[in-house]
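Have a look at the structure below, then the notes.
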Amino acid sequence: MATMNIAILGECMIELQQANDQLTRNFGGDTLNTAVYLSRLTKYHDINTTYVTALGNDSFSDEMLAAWNKEGINTDLVLRLEGKLPGLYYIETDSTGERSFHYWRNDAAAKYLLEQEQSADLLNNLMAFDAIYLSGISLAILTAESREQLFTFLEDFKGKGGKVLFDNNYRPKLWACVKEAQEAYLRMLSLTDIALLTFDDEQLLFGDETLEECIERTQGAGVTELTIKRGKDACLVVTSEENVYVPALVAENVVDTTAAGDSFSGGYLAKRFTGGSATQAAHAGHQVASTVIQYRGAVIPADAMPTI
């Protein structure tokens, strides 16, 4: 069997988090979290996970690359930019495990991924992949010109048979206005084969009152496989063959909901790319997410990973 090559495009940042009166430092970011979980869950399969971003030439960036390589993530398409640094974020977590974020990323290296001399070669290399995964944050951190360049590339990529995978992850503070975000998301959905949407984010961005509104808009854009994530409630899987609610798993001890959605996506894609149906993939996504939220931080210890 030929190796399946999946590229995950986005941003990884330095993560700071307060726990027991101590400040801990890790690395995280929505798409990087998904890449880690996808890589871990498919390491015994013919699936290659490549992370695509831009970093600096600093020690933090060196540590990131070393950590990703240790996770089995291919980093050949990571650009290193002189004079730039990774972004940084700080997590505050309340007594129920819900978190809030504070970001320092306006001049982060990842913002300039598609504005380099080597960016054309990067896109040419990506054209050979089987699938590309990105999120609403991946779109938001780019300049308008870079975003348009990415859309043009994805049109060509999809036209040549590549699969496009999208997780909505809407963060209002990263967009100039709601209209800009809506237009970008609708354009992105028109290029998407599999959409993994958090309903709270869809409500925030588009004002949806019902799941039907979300489904109609997404399918109307051309998406053929849709999963709507709803936190602790059952997610809804919608394809041409099925329309199924898949119950979430109740975690024994919710410590930190960071990366719950990202890990769901990692579990979903891992199951889907190893032969599972969309419904089986949703079960796998819930299984991974319910484990992740019982640990602090975005990425849990490797030995705590569930089997899907």
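The way I read the labels, and the way they are meant: chains A, B, ... in the order of the structure tokens, residue 1 as the first residue of every chain, and ligand 1 as the first ligand shown, with later ones counted on from there.
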
Would you give me, as a Markdown table, each residue of segment 112-152 of chain A having an atom within 9 Å of an atom of segment 26-33 of chain A, along with its shortest atom pair and that distance in Å to one decimal, using only C-alpha atoms and sorting by chain and residue number?
| residue | atom | partner | partner_atom | distance |
| --- | --- | --- | --- | --- |
| A:Tyr133 | CA | A:Thr31 | CA | 8.1 |
| A:Leu134 | CA | A:Thr31 | CA | 6.7 |
| A:Ser135 | CA | A:Thr31 | CA | 6.9 |
| A:Ile137 | CA | A:Asp30 | CA | 7.8 |
| A:Ser138 | CA | A:Thr31 | CA | 7.9 |

Practice item. Excluding Asn168 of chain A and residues on its chain fewer than 5 positions from it, collect all residues at most 9 Å away from it, counting only C-alpha atoms, and give them as an NGL selection string. Key: :A and (134-137 or 185 or 195-198 or 201-202)

Practice item. Measuring atom to atom with only C-alpha atoms, identify which of A:Asp76, A:Asp208, A:Glu71, A:Glu216 is nearest to Asn125 of chain A. Key: A:Asp76

Revision key, fill the gap. Using only C-alpha atoms, the shortest atom-to-atom distance to Asp94 of chain A among A:Leu269, A:Val246, A:Ala19, A:Leu211 belongs to A:Ala19

Practice item. Mind checking which residues fall within 7 Å of Ser190 of chain A, counting only C-alpha atoms, ignoring those fewer than 4 positions away in the same chain, and posting them as a ChimeraX atom specification? Key: /A:186,221-223

Check your understanding: Out of A:Gly83, A:Gly72, A:Gly162, A:Pro301, which residue has the shortest atom-to-atom distance to Asn57 of chain A when counting only C-alpha atoms?
Key -> A:Gly83

**Study point:** Near-Asp200 of chain A list (10 Å; only C-alpha atoms; drop same-chain fewer than 4 positions) as an NGL selection string
**Key:** :A and (169-170 or 204-205 or 207-208 or 228-231)

Take the residues from that selection and write them out as a PDB file, in the first residue's frame, keeping C-alpha atoms.
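In the end it all went to part.pdb:
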ATOM      1  CA  ASN A 169     -11.920  27.289  14.966  1.00  0.00           C
ATOM      2  CA  TYR A 170     -13.233  30.850  14.810  1.00  0.00           C
ATOM      3  CA  LEU A 204     -20.739  33.144  16.902  1.00  0.00           C
ATOM      4  CA  LEU A 205     -19.689  33.742  13.308  1.00  0.00           C
ATOM      5  CA  GLY A 207     -25.612  33.639  14.080  1.00  0.00           C
ATOM      6  CA  ASP A 208     -27.040  30.149  13.586  1.00  0.00           C
ATOM      7  CA  ILE A 228     -20.670  19.308  13.903  1.00  0.00           C
ATOM      8  CA  LYS A 229     -18.963  19.212  17.304  1.00  0.00           C
ATOM      9  CA  ARG A 230     -21.048  20.275  20.307  1.00  0.00           C
ATOM     10  CA  GLY A 231     -18.788  19.918  23.330  1.00  0.00           C
TER      11      GLY A 231
END
